[in-house]
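Data first, discussion second: the structure below is written as structure tokens.
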2 protein chains.
Amino acid sequence: MNVQTKRANLKERMVDAASRQIAEKGLSGFRARDVAAEVRCALGGIYNVFDDLDTLILHVNANTLDQLQEAFSTATSVADPTSRLKALARIYADFARGNQRRWDALFDHRLAGGKGPPDWLAARYALLLDHVIKPLKTLFPDWNDAVLHRRSRTMFGAAHGLVTISLQKRFFGLDEVQLRQELDMLVDALVAEPAAR
Amino acid sequence: MNVQTKRANLKERMVDAASRQIAEKGLSGFRARDVAAEVRCALGGIYNVFDDLDTLILHVNANTLDQLQEAFSTATSVADPTSRLKALARIYADFARGNQRRWDALFDHRLAGGKGPPDWLAARYALLLDHVIKPLKTLFPDWNDAVLHRRSRTMFGAAHGLVTISLQKRFFGLDEVQLRQELDMLVDALVAEPAAR
DNA sequence: GACAAAAATGAACGATGTTCAATGTGGGTG
DNA sequence: CACCCACATTGAACATCGTTCATTTTTGTC
């Protein structure tokens with residue numbers, strides 16, 4: 001095994017270990033020393049692969065987003081656009097519930113200096129929107145790209161907010177059954193309101 | 001000045017200092033030593049007043065929620081229910097933008113062990129919902145409390161999600177003008193969809 | 001002024017992310 | 001095969017946190 005492969009292997013093992021530990025203990029319980037112990041390298045070894053722990057977490061989030069993206073892809077089998085949008089919302093809620101700590105990490109993790117995620121990760125977030133845009137385009141063929149761009153973010157944001165307040169017990173929310181009903185209602189409402197200036 | 005007053009005074013000064021520092025540097029840049037320095041007490045003095053830093057942050061968030069609650073109250077002058085809901089959404093977005101770091105702290109702060117906020121703070125979050133419930137009840141007088149309860153959380157959550165993805169540059173969002181337009185659209189859509197099973 | 005109770009102090013502790021001089025290693029070369 | 005050097009790996013050390021607690025200072029009362 002050459003040195004590039006070993007290096008890549010170590011990187012991959014670190015991301016996997018970090019992902020598992022975030023899933024287990026959450027972002028706040030995530031420790032550099034635990035990752036080093038799990039992949040059996042020295043503490044400093046992490047910094048030969050990643051600039052800092054934040055960068056490692058960014059890679060964990062990239063993996064999580066890839067899985068979410070894959071889950072979204074299963075909705076393409078639903079032909080009716082409105083049903084497709086409801087399916088996406090359901091998938092989103094289920095994924096969040098089934099991978100709660102890693103899903104939390106997607107939105108809890110902040111970079112120092114208030115900077116957003118690097119482009120290679122932001123692109124993965126944006127990729128999720130394509131799944132919303134496609135059925136929207138079918139429903140409203142006369143909408144231009146700017147309107148689709150805007151409305152897809154609105155729909156995603158609204159559903160995201162519903163899921164957020166429901167899953168994080170932080171203040172108030174809805175139980176699982178109500179959440180699904182309200183997500184369906186939300187899609188119906190937004191699809192029935194074609195006003196786009 | 002008796003000792004109770006002095007103690008209360010110190011507590012208040014600590015919360016104010018913490019609030020100012022969170023507004024300035026965000027939750028992640030918040031340091032116990034900075035608070036102690038600003039109120040001119042020893043580091044350990046904080047722990048004579050609060051169990052830990054988390055408790056101090058909870059009090060900061062309570063203050064922020066009180067201010068948000070007060071801002072919501074100004075919307076009661078709007079008579080038309082739909083316009084009132086739009087005003088509330090606007091106020092929410094403006095407050096979040098105008099007090100971004102303190103608003104972030106409302107939703108970023110997590111207690112150890114995945115516990116939600118204590119009752120005295122959760123009640124303040126719930127108080128915000130009353131402002132949504134009131135115009136909803138005017139619009140749909142036949143809805144019972146359970147439906148109002150559910151739908152108000154849906155509306156709040158949807159608007160909250162829109163504001164969240166737009167203000168936190170984290171992945172994608174809308175600019176200020178589009179955010180307002182989409183919030184109005186969201187209210188119209190949800191008010192026009194009276195289906196409540 | 002003396003004394004007990006309460007409050008305030010800040011040095012010390014353990015935990016954490018990060019650094020870097022020291023050590024180990026693998027593959028090319030004579 | 002022995003040598004060697006570039007590079008990977010190590011883990012002790014460091015700075016910075018939140019938190020604790022023995023000690024000191026202040027306060028209230030007689």
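Ordered as shown in the structure tokens, chains take letters A, B, and onward, while each chain numbers its residues from 1 and ligands are numbered from 1 in the order shown.
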
Output as a ChimeraX atom specification the set of chain A residues within 12 Å of chain C, with distances taken over only C-alpha atoms (C1' of nucleotides). /A:1-3,28-34,43-48,50-54

Quick one: everything within 8 Å of Gln100 of chain B, counting only C-alpha atoms (C1' of nucleotides), minus sequence neighbours fewer than 4 positions away in the same chain. Send it as a list in words. Ala23, Phe95, Ala96, Asp104 and Leu167 of chain B

Take the residues from that selection and put them in a file with N, CA and C atoms, as a compact mmCIF listing (two decimals), in the first residue's frame.
```
# COMPACT_ATOMS: atom_id res chain seq x y z
N ALA B 23 -23.89 39.59 22.34
CA ALA B 23 -24.26 40.42 21.19
C ALA B 23 -23.02 40.82 20.40
N PHE B 95 -36.20 41.59 14.03
CA PHE B 95 -35.54 41.39 15.32
C PHE B 95 -34.33 40.47 15.17
N ALA B 96 -34.52 39.42 14.39
CA ALA B 96 -33.42 38.48 14.18
C ALA B 96 -32.25 39.18 13.49
N ASP B 104 -29.35 34.27 17.57
CA ASP B 104 -28.71 32.97 17.36
C ASP B 104 -28.61 32.20 18.67
N LEU B 167 -30.86 34.29 7.37
CA LEU B 167 -29.94 35.14 8.14
C LEU B 167 -28.62 34.45 8.42
```

Distance-based interface of chain A with chain B, 6 Å, counting only C-alpha atoms, as JSON, numbers by chain: {"A": [116, 122, 125, 157, 158, 160, 161, 162, 169, 170, 171, 189, 190, 193]}

Saved selection, atoms kept: N, CA and C atoms, as a PDB file, in the first residue's frame:
```pdb
ATOM      1  N   GLY A 116     -19.325  31.360   6.666  1.00  0.00           N
ATOM      2  CA  GLY A 116     -20.138  30.243   6.241  1.00  0.00           C
ATOM      3  C   GLY A 116     -19.246  29.081   5.859  1.00  0.00           C
ATOM      4  N   ALA A 122     -20.827  24.084   0.831  1.00  0.00           N
ATOM      5  CA  ALA A 122     -22.031  24.846   0.513  1.00  0.00           C
ATOM      6  C   ALA A 122     -22.701  24.282  -0.734  1.00  0.00           C
ATOM      7  N   TYR A 125     -25.056  21.549   0.241  1.00  0.00           N
ATOM      8  CA  TYR A 125     -26.332  22.057   0.750  1.00  0.00           C
ATOM      9  C   TYR A 125     -27.217  22.462  -0.424  1.00  0.00           C
ATOM     10  N   GLY A 157     -36.939  26.121   3.397  1.00  0.00           N
ATOM     11  CA  GLY A 157     -36.798  26.799   4.692  1.00  0.00           C
ATOM     12  C   GLY A 157     -37.997  26.577   5.589  1.00  0.00           C
ATOM     13  N   ALA A 158     -39.189  26.650   5.011  1.00  0.00           N
ATOM     14  CA  ALA A 158     -40.396  26.460   5.809  1.00  0.00           C
ATOM     15  C   ALA A 158     -40.457  25.049   6.375  1.00  0.00           C
ATOM     16  N   HIS A 160     -37.939  23.040   6.728  1.00  0.00           N
ATOM     17  CA  HIS A 160     -36.814  22.917   7.664  1.00  0.00           C
ATOM     18  C   HIS A 160     -37.164  23.486   9.039  1.00  0.00           C
ATOM     19  N   GLY A 161     -37.839  24.615   9.037  1.00  0.00           N
ATOM     20  CA  GLY A 161     -38.220  25.223  10.310  1.00  0.00           C
ATOM     21  C   GLY A 161     -39.184  24.345  11.087  1.00  0.00           C
ATOM     22  N   LEU A 162     -40.160  23.785  10.365  1.00  0.00           N
ATOM     23  CA  LEU A 162     -41.122  22.894  11.027  1.00  0.00           C
ATOM     24  C   LEU A 162     -40.409  21.707  11.649  1.00  0.00           C
ATOM     25  N   LYS A 169     -36.140  19.508  21.096  1.00  0.00           N
ATOM     26  CA  LYS A 169     -37.139  19.741  22.132  1.00  0.00           C
ATOM     27  C   LYS A 169     -36.986  21.137  22.747  1.00  0.00           C
ATOM     28  N   ARG A 170     -36.131  21.916  22.130  1.00  0.00           N
ATOM     29  CA  ARG A 170     -35.680  23.199  22.653  1.00  0.00           C
ATOM     30  C   ARG A 170     -36.806  24.079  23.181  1.00  0.00           C
ATOM     31  N   PHE A 171     -37.880  24.316  22.428  1.00  0.00           N
ATOM     32  CA  PHE A 171     -38.931  25.165  22.999  1.00  0.00           C
ATOM     33  C   PHE A 171     -40.313  24.575  22.816  1.00  0.00           C
ATOM     34  N   ALA A 189     -50.441  24.091   0.712  1.00  0.00           N
ATOM     35  CA  ALA A 189     -50.657  25.535   0.791  1.00  0.00           C
ATOM     36  C   ALA A 189     -49.712  26.285  -0.136  1.00  0.00           C
ATOM     37  N   LEU A 190     -48.442  25.891  -0.138  1.00  0.00           N
ATOM     38  CA  LEU A 190     -47.464  26.624  -0.935  1.00  0.00           C
ATOM     39  C   LEU A 190     -47.636  26.347  -2.421  1.00  0.00           C
ATOM     40  N   GLU A 193     -50.543  28.434  -3.804  1.00  0.00           N
ATOM     41  CA  GLU A 193     -50.335  29.892  -3.794  1.00  0.00           C
ATOM     42  C   GLU A 193     -49.310  30.251  -4.861  1.00  0.00           C
TER      43      GLU A 193
END
```

Between chain D and chain B, at 9 Å or less, what are the per-residue closest atom pairs and their distances in Å? Count only C-alpha atoms (C1' of nucleotides), order by chain and rising residue number, and return it as a tab-separated table.
```
residue	atom	partner	partner_atom	distance
D:DC17	C1'	B:Arg31	CA	8.2
D:DG18	C1'	B:Ala32	CA	7.6
D:DT19	C1'	B:Asp52	CA	8.1
D:DT20	C1'	B:Gly44	CA	8.5
D:DT27	C1'	B:Val3	CA	8.5
```

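The interatomic distance for the pair atom CA of Asp80 of chain B and atom CA of Leu128 of chain B works out to 18.8 Å.
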
Just asking: which residues within segment 30-146 of chain A are alpha helix (DSSP H) according to DSSP, as an mmCIF file with C-alpha atoms, in the first residue's frame?
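Everything below was put into states-v6.cif:
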```cif
data_model
loop_
_atom_site.group_PDB
_atom_site.id
_atom_site.type_symbol
_atom_site.label_atom_id
_atom_site.label_comp_id
_atom_site.auth_asym_id
_atom_site.auth_seq_id
_atom_site.Cartn_x
_atom_site.Cartn_y
_atom_site.Cartn_z
ATOM 1 C CA ALA A 32 -10.164 15.139 19.344
ATOM 2 C CA ARG A 33 -8.666 12.592 21.717
ATOM 3 C CA ASP A 34 -11.554 10.188 21.161
ATOM 4 C CA VAL A 35 -11.029 10.274 17.410
ATOM 5 C CA ALA A 36 -7.308 9.666 17.831
ATOM 6 C CA ALA A 37 -8.025 6.736 20.140
ATOM 7 C CA GLU A 38 -10.538 5.168 17.750
ATOM 8 C CA VAL A 39 -8.278 5.296 14.703
ATOM 9 C CA ILE A 46 -5.246 14.464 13.307
ATOM 10 C CA TYR A 47 -3.489 17.705 12.449
ATOM 11 C CA ASN A 48 -1.398 16.014 9.792
ATOM 12 C CA VAL A 49 -4.630 15.257 7.934
ATOM 13 C CA LEU A 53 -11.191 19.903 14.243
ATOM 14 C CA ASP A 54 -13.599 22.218 12.437
ATOM 15 C CA THR A 55 -12.330 20.934 9.114
ATOM 16 C CA LEU A 56 -12.869 17.368 10.251
ATOM 17 C CA ILE A 57 -16.435 18.215 11.253
ATOM 18 C CA LEU A 58 -16.990 19.820 7.840
ATOM 19 C CA HIS A 59 -16.106 16.490 6.266
ATOM 20 C CA VAL A 60 -18.493 14.680 8.588
ATOM 21 C CA ASN A 61 -21.234 17.067 7.522
ATOM 22 C CA ALA A 62 -20.351 16.481 3.878
ATOM 23 C CA ASN A 63 -20.877 12.757 4.421
ATOM 24 C CA THR A 64 -24.184 13.388 6.142
ATOM 25 C CA LEU A 65 -25.332 15.632 3.304
ATOM 26 C CA ASP A 66 -24.373 12.961 0.778
ATOM 27 C CA GLN A 67 -26.564 10.483 2.609
ATOM 28 C CA LEU A 68 -29.426 12.964 2.765
ATOM 29 C CA GLN A 69 -28.999 13.647 -0.925
ATOM 30 C CA GLU A 70 -29.195 9.941 -1.597
ATOM 31 C CA ALA A 71 -32.354 9.665 0.486
ATOM 32 C CA PHE A 72 -33.868 12.527 -1.496
ATOM 33 C CA SER A 73 -33.103 10.677 -4.713
ATOM 34 C CA PRO A 81 -45.074 16.887 -8.436
ATOM 35 C CA THR A 82 -47.087 17.743 -5.332
ATOM 36 C CA SER A 83 -46.777 14.187 -4.033
ATOM 37 C CA ARG A 84 -43.067 14.346 -4.782
ATOM 38 C CA LEU A 85 -42.704 17.475 -2.686
ATOM 39 C CA LYS A 86 -44.592 15.828 0.163
ATOM 40 C CA ALA A 87 -42.361 12.787 -0.150
ATOM 41 C CA LEU A 88 -39.281 14.997 0.065
ATOM 42 C CA ALA A 89 -40.602 16.684 3.184
ATOM 43 C CA ARG A 90 -41.348 13.296 4.723
ATOM 44 C CA ILE A 91 -37.872 12.029 3.834
ATOM 45 C CA TYR A 92 -36.340 15.124 5.346
ATOM 46 C CA ALA A 93 -38.255 14.718 8.595
ATOM 47 C CA ASP A 94 -37.505 11.006 8.779
ATOM 48 C CA PHE A 95 -33.828 11.529 8.092
ATOM 49 C CA ALA A 96 -33.637 14.192 10.758
ATOM 50 C CA ARG A 97 -35.369 11.960 13.258
ATOM 51 C CA GLY A 98 -33.335 8.893 12.353
ATOM 52 C CA GLN A 100 -30.754 13.383 14.857
ATOM 53 C CA ARG A 101 -27.308 14.207 16.240
ATOM 54 C CA ARG A 102 -25.636 14.184 12.860
ATOM 55 C CA TRP A 103 -28.492 16.204 11.420
ATOM 56 C CA ASP A 104 -28.145 18.676 14.278
ATOM 57 C CA ALA A 105 -24.455 18.971 13.459
ATOM 58 C CA LEU A 106 -25.384 20.108 9.941
ATOM 59 C CA PHE A 107 -26.913 23.264 11.375
ATOM 60 C CA ASP A 108 -25.235 23.671 14.751
ATOM 61 C CA ASP A 119 -17.686 26.322 -1.228
ATOM 62 C CA TRP A 120 -17.191 22.587 -1.582
ATOM 63 C CA LEU A 121 -19.571 22.048 1.335
ATOM 64 C CA ALA A 122 -22.031 24.846 0.513
ATOM 65 C CA ALA A 123 -22.456 23.208 -2.879
ATOM 66 C CA ARG A 124 -23.711 20.087 -1.163
ATOM 67 C CA TYR A 125 -26.332 22.057 0.750
ATOM 68 C CA ALA A 126 -27.416 23.708 -2.482
ATOM 69 C CA LEU A 127 -27.684 20.343 -4.201
ATOM 70 C CA LEU A 128 -30.638 19.532 -1.961
ATOM 71 C CA LEU A 129 -32.570 22.396 -3.509
ATOM 72 C CA ASP A 130 -32.484 20.785 -6.931
ATOM 73 C CA HIS A 131 -34.846 18.129 -5.662
ATOM 74 C CA VAL A 132 -37.335 20.860 -4.771
ATOM 75 C CA ILE A 133 -36.850 22.858 -7.930
ATOM 76 C CA LYS A 134 -37.599 19.981 -10.296
ATOM 77 C CA PRO A 135 -41.224 19.309 -9.244
ATOM 78 C CA LEU A 136 -41.790 23.050 -8.861
ATOM 79 C CA LYS A 137 -40.770 23.538 -12.474
ATOM 80 C CA THR A 138 -43.279 20.892 -13.530
ATOM 81 C CA LEU A 139 -46.030 22.570 -11.545
ATOM 82 C CA ASP A 145 -35.055 30.540 -12.791
ATOM 83 C CA ALA A 146 -34.996 33.437 -10.347
#
```
